[in-house]
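Trainee: Got a file for you: target-v2.csv, CSV, C-alpha atoms.
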chain,number,residue,atom,x,y,z
A,189,MET,CA,12.0,-16.7,-7.9
A,190,LYS,CA,13.7,-13.5,-6.9
A,191,LYS,CA,16.0,-11.7,-9.4
A,192,LEU,CA,18.3,-8.8,-9.5
A,193,ILE,CA,16.7,-6.1,-11.6
A,194,LEU,CA,19.4,-3.5,-12.1
A,195,SER,CA,18.6,-3.1,-15.8
A,196,THR,CA,20.9,-1.6,-18.3
A,197,LEU,CA,18.8,1.6,-18.1
A,198,SER,CA,19.2,1.7,-14.3
A,199,ILE,CA,22.9,1.2,-14.6
A,200,LEU,CA,23.3,4.0,-17.1
A,201,PHE,CA,21.4,6.5,-14.9
A,202,PHE,CA,22.6,5.3,-11.5
A,203,ALA,CA,26.2,4.3,-12.3
A,204,GLY,CA,27.4,6.2,-9.3
A,205,ILE,CA,25.5,4.1,-6.8
A,206,LEU,CA,27.9,1.5,-5.4
A,207,ASN,CA,26.1,0.3,-2.3
A,208,ALA,CA,22.6,-0.3,-3.7
A,209,GLN,CA,20.7,-3.0,-5.3
A,210,ILE,CA,17.0,-3.7,-6.2
A,211,ILE,CA,15.7,-7.3,-6.1
A,212,GLU,CA,12.4,-8.6,-7.3
A,213,THR,CA,10.7,-11.1,-4.9
A,214,SER,CA,7.4,-12.6,-4.1
A,215,ASN,CA,8.6,-14.0,-0.8
A,216,ILE,CA,8.9,-11.5,2.1
A,217,GLN,CA,11.2,-13.8,4.0
A,218,GLU,CA,13.9,-12.9,1.5
A,219,ILE,CA,14.5,-9.6,3.2
A,220,ARG,CA,15.8,-11.2,6.4
A,221,LYS,CA,19.3,-11.7,5.2
A,222,GLU,CA,19.7,-8.0,4.6
A,223,ILE,CA,18.7,-6.9,8.1
A,224,ASN,CA,21.0,-6.2,11.0
A,225,ASP,CA,20.5,-4.4,14.3
A,226,ASP,CA,21.1,-1.0,12.8
A,227,THR,CA,19.0,-1.4,9.6
A,228,LEU,CA,16.1,0.9,8.9
A,229,VAL,CA,13.3,-1.3,7.4
A,230,LEU,CA,10.5,0.3,5.5
A,231,PHE,CA,7.4,-1.3,4.1
A,232,ASN,CA,5.0,0.3,1.6
A,233,LEU,CA,1.4,-0.1,2.6
A,234,ALA,CA,-0.7,-0.9,-0.4
A,235,GLU,CA,0.2,-4.2,-2.2
A,236,VAL,CA,2.9,-4.9,0.4
A,237,LEU,CA,1.2,-5.0,3.7
A,238,THR,CA,-2.4,-5.0,2.5
A,239,ASP,CA,-4.2,-7.1,0.1
A,240,THR,CA,-7.9,-7.9,-0.4
A,241,GLU,CA,-10.0,-11.0,-0.1
A,242,THR,CA,-12.0,-9.8,-3.1
A,243,SER,CA,-11.4,-8.6,-6.7
A,244,LEU,CA,-13.1,-5.4,-5.6
A,245,GLY,CA,-10.5,-3.1,-4.2
A,246,THR,CA,-7.5,-4.6,-5.9
A,247,GLN,CA,-4.8,-2.6,-7.7
A,248,ALA,CA,-6.1,-4.0,-11.0
A,249,TRP,CA,-9.6,-2.8,-10.2
A,250,ARG,CA,-8.4,0.6,-9.2
A,251,LYS,CA,-6.6,0.9,-12.5
A,252,PHE,CA,-9.7,-0.3,-14.3
A,253,ILE,CA,-11.8,2.5,-12.9
A,254,ARG,CA,-9.1,5.2,-13.1
A,255,ARG,CA,-9.2,4.9,-16.9
A,256,ARG,CA,-13.0,5.3,-17.0
A,257,VAL,CA,-14.0,8.0,-14.4
A,258,GLU,CA,-12.8,11.4,-13.3
A,259,ALA,CA,-10.5,11.6,-10.3
A,260,LYS,CA,-13.1,12.7,-7.8
A,261,LEU,CA,-15.4,9.7,-8.5
A,262,HIS,CA,-12.4,7.4,-8.6
A,263,ASP,CA,-11.4,8.5,-5.1
A,264,GLU,CA,-15.0,8.2,-3.7
A,265,LEU,CA,-15.5,4.7,-5.1
A,266,THR,CA,-12.0,3.3,-4.1
A,267,LEU,CA,-12.4,4.8,-0.6
A,268,PHE,CA,-15.9,3.3,-0.3
A,269,ALA,CA,-14.5,-0.1,-1.3
A,270,PHE,CA,-11.5,0.2,1.0
A,271,LYS,CA,-13.7,1.0,4.0
A,272,ASN,CA,-15.9,-2.1,3.4
A,273,ILE,CA,-14.0,-5.0,1.9
A,274,PRO,CA,-12.2,-7.6,4.0
A,275,HIS,CA,-8.4,-7.0,4.1
A,276,LYS,CA,-5.6,-9.4,4.5
A,277,SER,CA,-1.8,-9.6,4.4
A,278,PRO,CA,-0.4,-10.8,1.0
A,279,GLU,CA,1.5,-13.5,2.9
A,280,ALA,CA,0.3,-14.8,6.3
A,281,SER,CA,3.9,-14.6,7.6
A,282,ILE,CA,4.3,-10.8,7.2
A,283,PRO,CA,2.7,-9.7,10.5
A,284,GLU,CA,4.8,-12.3,12.4
A,285,LEU,CA,8.0,-11.0,10.6
A,286,ILE,CA,7.3,-7.4,11.5
A,287,ASP,CA,6.5,-8.3,15.1
A,288,GLU,CA,9.7,-10.2,15.3
A,289,LEU,CA,11.8,-7.3,14.0
A,290,GLN,CA,10.1,-5.0,16.4
A,291,SER,CA,10.9,-7.3,19.4
A,292,GLN,CA,14.5,-7.2,18.3
A,293,GLY,CA,14.6,-3.4,18.6
A,294,ILE,CA,14.9,-2.9,14.8
A,295,VAL,CA,13.4,0.3,13.5
A,296,VAL,CA,10.7,-0.9,11.2
A,297,LEU,CA,8.2,1.6,9.8
A,298,ALA,CA,5.4,1.6,7.3
A,299,PHE,CA,5.5,4.1,4.4
A,300,THR,CA,2.7,5.4,2.2
A,301,SER,CA,2.6,8.1,-0.5
A,302,ARG,CA,-0.9,9.1,0.9
A,303,GLY,CA,-1.0,12.1,3.3
A,304,ARG,CA,-2.6,11.8,6.6
A,305,PRO,CA,-5.9,13.4,5.4
A,306,GLU,CA,-5.4,12.3,1.7
A,307,TRP,CA,-7.0,9.7,-0.5
A,308,TYR,CA,-5.4,9.9,-3.9
A,309,THR,CA,-6.3,13.4,-5.1
A,310,SER,CA,-9.1,14.1,-2.5
A,311,GLN,CA,-9.0,15.3,1.0
A,312,PHE,CA,-10.8,13.2,3.6
A,313,PRO,CA,-10.3,13.5,7.4
A,314,ASP,CA,-8.9,10.6,9.4
A,315,ILE,CA,-7.5,8.6,6.5
A,316,ASP,CA,-4.5,8.0,8.8
A,317,LEU,CA,-6.8,6.5,11.5
A,318,LEU,CA,-8.6,4.4,9.0
A,319,THR,CA,-5.3,3.1,7.7
A,320,GLU,CA,-4.1,2.2,11.1
A,321,LYS,CA,-7.5,0.6,11.9
A,322,VAL,CA,-7.2,-1.7,8.9
A,323,LEU,CA,-3.5,-2.5,9.7
A,324,LEU,CA,-4.5,-3.5,13.2
A,325,GLU,CA,-7.3,-5.8,11.9
A,326,ILE,CA,-4.8,-7.6,9.7
A,327,GLY,CA,-2.2,-7.9,12.5
A,328,PHE,CA,0.2,-5.0,12.2
A,329,ASP,CA,0.9,-2.5,15.0
A,330,PHE,CA,3.6,-0.2,14.0
A,331,SER,CA,3.2,1.9,17.2
A,332,LYS,CA,5.2,-0.9,18.8
A,333,THR,CA,8.3,0.1,16.9
A,334,LYS,CA,10.8,1.6,19.3
A,335,LEU,CA,12.4,4.7,17.8
A,336,ASN,CA,16.1,5.1,18.4
A,337,LYS,CA,17.5,8.3,20.0
A,338,GLU,CA,18.0,10.0,16.6
A,339,LEU,CA,14.4,9.4,15.6
A,340,ALA,CA,13.0,10.2,19.1
A,341,LEU,CA,11.7,13.6,17.8
A,342,LEU,CA,10.2,12.2,14.7
A,343,PRO,CA,6.6,12.5,16.0
A,344,SER,CA,7.0,16.2,16.9
A,345,LEU,CA,9.3,17.3,14.1
A,346,PHE,CA,7.2,15.6,11.4
A,347,GLU,CA,3.8,15.7,13.0
A,348,ASP,CA,2.1,16.2,9.6
A,349,PHE,CA,3.8,13.2,8.1
A,350,TYR,CA,4.2,10.7,10.9
A,351,HIS,CA,1.9,8.9,13.3
A,352,SER,CA,2.2,5.6,15.2
A,353,GLY,CA,5.0,4.1,13.2
A,354,ILE,CA,3.8,5.2,9.8
A,355,ILE,CA,5.3,7.8,7.5
A,356,TYR,CA,2.6,9.5,5.4
A,357,GLY,CA,3.8,11.3,2.2
A,358,THR,CA,1.6,13.7,0.3
A,359,ASN,CA,0.7,14.3,-3.3
A,360,ILE,CA,3.4,17.0,-3.4
A,361,ARG,CA,6.1,15.1,-1.5
A,362,GLU,CA,7.8,12.1,-3.0
A,363,LYS,CA,8.8,9.3,-0.7
A,364,ASP,CA,12.5,9.7,-1.4
A,365,GLU,CA,12.3,13.5,-0.7
A,366,LEU,CA,10.5,13.0,2.6
A,367,LEU,CA,12.8,10.2,3.8
A,368,LEU,CA,15.9,12.3,2.9
A,369,GLU,CA,14.5,15.2,5.0
A,370,ILE,CA,13.8,12.9,7.9
A,371,LEU,CA,17.3,11.5,7.9
A,372,GLN,CA,18.9,14.9,7.5
A,373,LYS,CA,17.0,16.6,10.2
A,374,SER,CA,17.3,13.7,12.7
A,375,ASP,CA,20.9,13.1,11.8
A,376,PHE,CA,20.1,9.4,11.7
A,377,ARG,CA,22.5,7.3,9.6
A,378,PRO,CA,21.5,3.7,9.6
A,379,SER,CA,24.0,1.1,8.5
A,380,LYS,CA,21.6,0.1,5.7
A,381,ILE,CA,18.1,0.9,4.5
A,382,VAL,CA,15.8,-2.0,3.3
A,383,PHE,CA,12.7,-0.8,1.5
A,384,VAL,CA,9.9,-3.1,0.3
A,385,ASP,CA,7.7,-1.6,-2.3
A,386,ASP,CA,5.6,-2.9,-5.2
A,387,LYS,CA,6.8,-0.1,-7.6
A,388,ILE,CA,10.2,-0.4,-9.1
A,389,ASP,CA,10.3,3.3,-10.0
A,390,SER,CA,9.8,4.3,-6.4
A,391,LEU,CA,12.7,2.0,-5.4
A,392,ILE,CA,15.0,3.5,-8.0
A,393,SER,CA,14.2,7.0,-6.9
A,394,MET,CA,14.9,6.1,-3.3
A,395,GLU,CA,18.1,4.4,-4.3
A,396,ALA,CA,19.3,7.6,-6.0
A,397,ALA,CA,18.3,9.9,-3.0
A,398,LEU,CA,20.1,7.7,-0.4
A,399,ASN,CA,23.3,7.7,-2.5
A,400,ASN,CA,23.6,11.4,-1.6
A,401,LEU,CA,24.0,10.3,2.0
A,402,ASN,CA,26.2,7.3,1.2
A,403,ILE,CA,23.7,5.0,2.9
A,404,PRO,CA,23.7,1.4,1.6
A,405,PHE,CA,20.3,0.5,0.2
A,406,VAL,CA,18.5,-2.7,-0.7
A,407,GLY,CA,15.1,-2.3,-2.4
A,408,TYR,CA,12.7,-5.2,-2.8
A,409,ALA,CA,10.2,-5.0,-5.6
A,410,TYR,CA,7.5,-7.1,-4.1
A,411,SER,CA,5.2,-8.9,-6.5
A,412,LYS,CA,3.2,-11.3,-4.4
A,413,THR,CA,0.0,-9.2,-4.4
A,414,LYS,CA,0.1,-8.9,-8.2
A,415,GLN,CA,0.5,-12.7,-8.4
A,416,ASN,CA,-2.4,-13.2,-6.1
A,417,HIS,CA,-4.7,-11.3,-8.5
A,418,ALA,CA,-3.1,-12.3,-11.8
A,419,SER,CA,-6.4,-13.7,-13.1
A,420,PHE,CA,-8.3,-10.5,-12.3
A,421,ASN,CA,-11.7,-10.2,-14.0
A,422,PRO,CA,-13.2,-6.6,-13.9
A,423,LEU,CA,-16.7,-8.0,-14.3
A,424,ILE,CA,-16.4,-9.9,-11.0
A,425,ALA,CA,-15.2,-6.7,-9.2
A,426,ASN,CA,-18.0,-4.7,-10.7
A,427,ILE,CA,-20.6,-7.2,-9.6
A,428,GLN,CA,-19.2,-6.9,-6.1
A,429,LEU,CA,-19.3,-3.1,-6.4
A,430,ASP,CA,-22.9,-3.3,-7.6
A,431,TRP,CA,-23.9,-5.5,-4.6
A,432,LEU,CA,-22.1,-3.3,-2.2
A,433,ILE,CA,-23.7,-0.1,-3.4
A,434,THR,CA,-27.2,-1.6,-3.8
A,435,TYR,CA,-27.4,-4.0,-0.8
A,436,GLY,CA,-24.5,-3.1,1.5
A,437,GLN,CA,-23.2,-6.6,1.0
A,438,VAL,CA,-19.7,-7.8,0.1
A,439,LEU,CA,-19.8,-10.8,-2.2
A,440,THR,CA,-16.9,-13.2,-2.2
A,441,ASP,CA,-15.3,-13.8,-5.6
A,442,LYS,CA,-17.0,-17.2,-5.6
A,443,GLU,CA,-20.4,-15.7,-5.0
A,444,ALA,CA,-19.8,-13.0,-7.7
A,445,ILE,CA,-18.7,-15.7,-10.2
A,446,LYS,CA,-21.9,-17.6,-9.6
A,447,ILE,CA,-24.0,-14.5,-10.3
A,448,MET,CA,-21.9,-13.7,-13.4
A,449,ASN,CA,-22.5,-17.2,-14.8
A,450,GLU,CA,-26.2,-17.2,-14.0
A,451,LYS,CA,-27.2,-13.6,-15.0
A,452,PHE,CA,-24.5,-11.9,-17.0
A,453,PHE,CA,-24.3,-13.6,-20.4
A,454,ASN,CA,-22.8,-11.5,-23.2
A,455,ILE,CA,-22.9,-8.4,-21.1
A,456,ASP,CA,-21.1,-5.3,-22.3
A,457,LEU,CA,-18.5,-4.6,-19.5
A,458,ASN,CA,-18.4,-0.9,-20.0
A,459,GLN,CA,-22.1,-0.5,-20.2
A,460,TYR,CA,-22.6,-2.5,-17.0
A,461,PHE,CA,-19.9,-0.5,-15.2
A,462,ASN,CA,-21.6,2.8,-16.2
A,463,GLU,CA,-24.9,1.4,-14.9
A,464,VAL,CA,-23.3,0.5,-11.6
A,465,ILE,CA,-21.7,3.9,-11.0
A,466,GLY,CA,-24.9,5.5,-12.1
A,467,LYS,CA,-26.3,4.1,-8.8
A,468,TRP,CA,-23.6,5.9,-6.8
A,469,ASP,CA,-24.8,8.8,-4.6
A,470,ILE,CA,-22.1,10.0,-2.2
A,471,SER,CA,-24.7,11.7,0.0
A,472,LYS,CA,-26.0,8.2,1.0
A,473,TYR,CA,-22.6,7.2,2.4
A,474,ASN,CA,-20.6,9.1,5.0
A,475,LEU,CA,-17.1,8.6,3.8
A,476,ARG,CA,-15.8,10.9,6.5
A,477,GLU,CA,-16.5,8.5,9.4
A,478,LEU,CA,-14.5,5.5,10.4
A,479,PRO,CA,-16.6,2.4,9.6
A,480,SER,CA,-17.3,-0.8,11.2
A,481,PRO,CA,-16.2,-2.8,8.0
A,482,TYR,CA,-18.7,-5.1,6.3
A,483,ARG,CA,-17.9,-8.7,6.5
A,484,TYR,CA,-19.1,-11.6,4.4
A,485,PRO,CA,-22.7,-12.4,5.3
Write the structure described by the file as structure tokens, please.
Mentor:
Amino acid sequence: MKKLILSTLSILFFAGILNAQIIETSNIQEIRKEINDDTLVLFNLAEVLTDTETSLGTQAWRKFIRRRVEAKLHDELTLFAFKNIPHKSPEASIPELIDELQSQGIVVLAFTSRGRPEWYTSQFPDIDLLTEKVLLEIGFDFSKTKLNKELALLPSLFEDFYHSGIIYGTNIREKDELLLEILQKSDFRPSKIVFVDDKIDSLISMEAALNNLNIPFVGYAYSKTKQNHASFNPLIANIQLDWLITYGQVLTDKEAIKIMNEKFFNIDLNQYFNEVIGKWDISKYNLRELPSPYRYP
């Protein structure tokens, strides 16, 4: 069930925002009622457009390893997983919804905080091309979005931050800051902006920034992906990481659970994780090339 989440804290800090609201939802179809012909619609990438078929690669797994390894190793392992695991949309209807909006001439763009050559804190070439490849595999083609006359120069004016219907932020540029600059330089003033993100703080920041331009804003805090992985078990994900590093094979959760029940009795989770990452040798894996993703055997 969706709910309005303008908390007391939000109201205190953003009392001047009269044309904005943030709504929590796990059903992407909820956004339809807020969209008209002159609406700018933005979708965050991770956890909104993309989900995984496995425990490996989930947001919960990324948080698990972030607390246990240095940033460089975190970036290598998460990119390795991203390149190889099967991806999907959190809801099967999302690609169809976006395709429908595009066919209606509505400006619908993807938005990520990662820069075109960035993966978290690390620099890797062609992250943007990898991102677009994964989206196409799922069923998203943001290059089909028709930019209006105000945004016609977006590809040239913001070449470092935009490609094929996707806005790429950076580690030093917040989403709200970048969007504000795009709107100001293009002189584009949509009748409303609808932004779907999984992070409430990102929506609140965007809400405040757009208030400066007096553009009505509706933010959707999307929770479906989190619900999909509510029963996350890090041991299952780490068995999958182990098999991927050792055998180049992506196990389904069902296969990993079978191995867990047969071979991993009373195992120390952290000890096993350390054993798994001890096998990691980046020199054996070219993370700088676009992959042909592994699929289930």
Trainee: Once you count only C-alpha atoms, what closest atom pair and distance in Å to one decimal does each residue of region 300-346 of chain A within 12 Å of region 224-237 of chain A have, with rows by chain and rising residue number, as CSV?
Mentor:
residue,atom,partner,partner_atom,distance
A:Thr300,CA,A:Asn232,CA,5.6
A:Ser301,CA,A:Asn232,CA,8.4
A:Arg302,CA,A:Leu233,CA,9.6
A:Asp316,CA,A:Leu233,CA,11.8
A:Thr319,CA,A:Leu233,CA,9.0
A:Glu320,CA,A:Leu233,CA,10.4
A:Val322,CA,A:Leu237,CA,10.4
A:Leu323,CA,A:Leu237,CA,8.0
A:Leu324,CA,A:Leu237,CA,11.2
A:Glu325,CA,A:Leu237,CA,11.8
A:Ile326,CA,A:Leu237,CA,8.9
A:Gly327,CA,A:Leu237,CA,9.9
A:Phe328,CA,A:Leu237,CA,8.6
A:Asp329,CA,A:Leu237,CA,11.6
A:Phe330,CA,A:Phe231,CA,10.7
A:Thr333,CA,A:Val229,CA,10.8
A:Lys334,CA,A:Leu228,CA,11.7
A:Leu335,CA,A:Leu228,CA,10.4
A:Asn336,CA,A:Asp226,CA,9.7
A:Leu339,CA,A:Leu228,CA,11.0
Trainee: One decimal, Å: what's the distance from CA of Leu367 (chain A) over to CA of Phe299 (chain A), could you say?
Mentor: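 These two atoms are separated by 9.5 Å.
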Trainee: Which residues of region 239-332 of chain A have any atom within 9 Å of an atom in region 418-434 of chain A when counting all atoms listed in the file, and what is the closest pair of atoms for each, with the distance in Å to one decimal? Order the rows by chain and rising number and write it as JSON lines.
Mentor:
{"residue": "A:Thr242", "atom": "CA", "partner": "A:Ala425", "partner_atom": "CA", "distance": 7.6}
{"residue": "A:Ser243", "atom": "CA", "partner": "A:Ala425", "partner_atom": "CA", "distance": 4.9}
{"residue": "A:Leu244", "atom": "CA", "partner": "A:Ala425", "partner_atom": "CA", "distance": 4.4}
{"residue": "A:Gly245", "atom": "CA", "partner": "A:Ala425", "partner_atom": "CA", "distance": 7.7}
{"residue": "A:Thr246", "atom": "CA", "partner": "A:Ala425", "partner_atom": "CA", "distance": 8.6}
{"residue": "A:Ala248", "atom": "CA", "partner": "A:Phe420", "partner_atom": "CA", "distance": 7.0}
{"residue": "A:Trp249", "atom": "CA", "partner": "A:Pro422", "partner_atom": "CA", "distance": 6.4}
{"residue": "A:Phe252", "atom": "CA", "partner": "A:Pro422", "partner_atom": "CA", "distance": 7.2}
{"residue": "A:Leu265", "atom": "CA", "partner": "A:Leu429", "partner_atom": "CA", "distance": 8.8}
{"residue": "A:Ala269", "atom": "CA", "partner": "A:Leu429", "partner_atom": "CA", "distance": 7.6}
{"residue": "A:Asn272", "atom": "CA", "partner": "A:Leu432", "partner_atom": "CA", "distance": 8.4}
Trainee: Given the point (24.0, 0.4, -0.5) in the coordinates of this file, which residues lie within 12 Å, counting all atoms listed in the file, and how would they look as a list in words?
Mentor: Gly204, Ile205, Leu206, Asn207, Ala208, Gln209, Ile210, Glu222, Thr227, Pro378, Ser379, Lys380, Ile381, Val382, Phe383, Met394, Glu395, Ala396, Ala397, Leu398, Asn399, Asn400, Leu401, Asn402, Ile403, Pro404, Phe405, Val406 and Gly407 of chain A
Trainee: What does the structure give for the distance between CA of Glu241 (chain A) and CA of Pro274 (chain A), in Å to one decimal?
Mentor: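 Taking CA of Glu241 (chain A) and CA of Pro274 (chain A), their separation equals 5.8 Å.
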Trainee: Will you model N, CA and C atoms for region 223-255 of chain A and pass it back as an mmCIF file, in the frame of the given file?
Mentor:
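selection24.cif was written with the following content:
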data_model
loop_
_atom_site.group_PDB
_atom_site.id
_atom_site.type_symbol
_atom_site.label_atom_id
_atom_site.label_comp_id
_atom_site.auth_asym_id
_atom_site.auth_seq_id
_atom_site.Cartn_x
_atom_site.Cartn_y
_atom_site.Cartn_z
ATOM 1 N N ILE A 223 18.994 -7.680 6.887
ATOM 2 C CA ILE A 223 18.700 -6.900 8.100
ATOM 3 C C ILE A 223 19.634 -7.174 9.210
ATOM 4 N N ASN A 224 20.204 -6.115 9.783
ATOM 5 C CA ASN A 224 21.000 -6.200 11.000
ATOM 6 C C ASN A 224 20.428 -5.280 12.055
ATOM 7 N N ASP A 225 21.089 -5.187 13.195
ATOM 8 C CA ASP A 225 20.500 -4.400 14.300
ATOM 9 C C ASP A 225 20.375 -2.936 14.000
ATOM 10 N N ASP A 226 21.174 -2.416 13.078
ATOM 11 C CA ASP A 226 21.100 -1.000 12.800
ATOM 12 C C ASP A 226 20.547 -0.683 11.421
ATOM 13 N N THR A 227 19.711 -1.587 10.939
ATOM 14 C CA THR A 227 19.000 -1.400 9.600
ATOM 15 C C THR A 227 17.721 -0.665 9.851
ATOM 16 N N LEU A 228 17.421 0.273 8.977
ATOM 17 C CA LEU A 228 16.100 0.900 8.900
ATOM 18 C C LEU A 228 15.289 0.112 7.891
ATOM 19 N N VAL A 229 14.165 -0.462 8.311
ATOM 20 C CA VAL A 229 13.300 -1.300 7.400
ATOM 21 C C VAL A 229 12.027 -0.570 7.158
ATOM 22 N N LEU A 230 11.712 -0.382 5.884
ATOM 23 C CA LEU A 230 10.500 0.300 5.500
ATOM 24 C C LEU A 230 9.627 -0.574 4.618
ATOM 25 N N PHE A 231 8.336 -0.559 4.895
ATOM 26 C CA PHE A 231 7.400 -1.300 4.100
ATOM 27 C C PHE A 231 6.338 -0.389 3.517
ATOM 28 N N ASN A 232 6.166 -0.436 2.209
ATOM 29 C CA ASN A 232 5.000 0.300 1.600
ATOM 30 C C ASN A 232 3.749 -0.351 2.102
ATOM 31 N N LEU A 233 2.689 0.440 2.126
ATOM 32 C CA LEU A 233 1.400 -0.100 2.600
ATOM 33 C C LEU A 233 0.680 -0.915 1.566
ATOM 34 N N ALA A 234 0.107 -0.232 0.581
ATOM 35 C CA ALA A 234 -0.700 -0.900 -0.400
ATOM 36 C C ALA A 234 0.115 -1.896 -1.229
ATOM 37 N N GLU A 235 -0.408 -3.089 -1.412
ATOM 38 C CA GLU A 235 0.200 -4.200 -2.200
ATOM 39 C C GLU A 235 1.461 -4.763 -1.565
ATOM 40 N N VAL A 236 1.848 -4.298 -0.387
ATOM 41 C CA VAL A 236 2.900 -4.900 0.400
ATOM 42 C C VAL A 236 2.447 -5.430 1.703
ATOM 43 N N LEU A 237 1.818 -4.545 2.458
ATOM 44 C CA LEU A 237 1.200 -5.000 3.700
ATOM 45 C C LEU A 237 -0.222 -5.334 3.614
ATOM 46 N N THR A 238 -0.918 -4.727 2.661
ATOM 47 C CA THR A 238 -2.400 -5.000 2.500
ATOM 48 C C THR A 238 -2.729 -5.554 1.194
ATOM 49 N N ASP A 239 -3.624 -6.489 1.239
ATOM 50 C CA ASP A 239 -4.200 -7.100 0.100
ATOM 51 C C ASP A 239 -5.712 -7.246 0.362
ATOM 52 N N THR A 240 -6.485 -7.710 -0.590
ATOM 53 C CA THR A 240 -7.900 -7.900 -0.400
ATOM 54 C C THR A 240 -8.327 -9.318 -0.562
ATOM 55 N N GLU A 241 -9.437 -9.662 0.071
ATOM 56 C CA GLU A 241 -10.000 -11.000 -0.100
ATOM 57 C C GLU A 241 -10.866 -11.060 -1.366
ATOM 58 N N THR A 242 -11.103 -9.904 -1.988
ATOM 59 C CA THR A 242 -12.000 -9.800 -3.100
ATOM 60 C C THR A 242 -11.325 -9.184 -4.327
ATOM 61 N N SER A 243 -11.933 -9.350 -5.499
ATOM 62 C CA SER A 243 -11.400 -8.600 -6.700
ATOM 63 C C SER A 243 -11.690 -7.146 -6.550
ATOM 64 N N LEU A 244 -12.796 -6.791 -5.913
ATOM 65 C CA LEU A 244 -13.100 -5.400 -5.600
ATOM 66 C C LEU A 244 -12.037 -4.844 -4.661
ATOM 67 N N GLY A 245 -11.466 -3.711 -5.027
ATOM 68 C CA GLY A 245 -10.500 -3.100 -4.200
ATOM 69 C C GLY A 245 -9.029 -3.388 -4.552
ATOM 70 N N THR A 246 -8.820 -4.312 -5.473
ATOM 71 C CA THR A 246 -7.500 -4.600 -5.900
ATOM 72 C C THR A 246 -6.845 -3.514 -6.702
ATOM 73 N N GLN A 247 -5.530 -3.546 -6.832
ATOM 74 C CA GLN A 247 -4.800 -2.600 -7.700
ATOM 75 C C GLN A 247 -5.346 -2.644 -9.110
ATOM 76 N N ALA A 248 -5.587 -3.847 -9.585
ATOM 77 C CA ALA A 248 -6.100 -4.000 -11.000
ATOM 78 C C ALA A 248 -7.443 -3.347 -11.125
ATOM 79 N N TRP A 249 -8.315 -3.472 -10.129
ATOM 80 C CA TRP A 249 -9.600 -2.800 -10.200
ATOM 81 C C TRP A 249 -9.491 -1.314 -10.149
ATOM 82 N N ARG A 250 -8.612 -0.818 -9.288
ATOM 83 C CA ARG A 250 -8.400 0.600 -9.200
ATOM 84 C C ARG A 250 -7.921 1.201 -10.516
ATOM 85 N N LYS A 251 -7.028 0.476 -11.174
ATOM 86 C CA LYS A 251 -6.600 0.900 -12.500
ATOM 87 C C LYS A 251 -7.678 0.882 -13.514
ATOM 88 N N PHE A 252 -8.524 -0.132 -13.415
ATOM 89 C CA PHE A 252 -9.700 -0.300 -14.300
ATOM 90 C C PHE A 252 -10.557 0.956 -14.265
ATOM 91 N N ILE A 253 -10.914 1.362 -13.040
ATOM 92 C CA ILE A 253 -11.800 2.500 -12.900
ATOM 93 C C ILE A 253 -11.156 3.829 -13.176
ATOM 94 N N ARG A 254 -9.853 3.901 -12.893
ATOM 95 C CA ARG A 254 -9.100 5.200 -13.100
ATOM 96 C C ARG A 254 -9.166 5.583 -14.562
ATOM 97 N N ARG A 255 -9.200 4.593 -15.441
ATOM 98 C CA ARG A 255 -9.200 4.900 -16.900
ATOM 99 C C ARG A 255 -10.621 5.282 -17.366
#
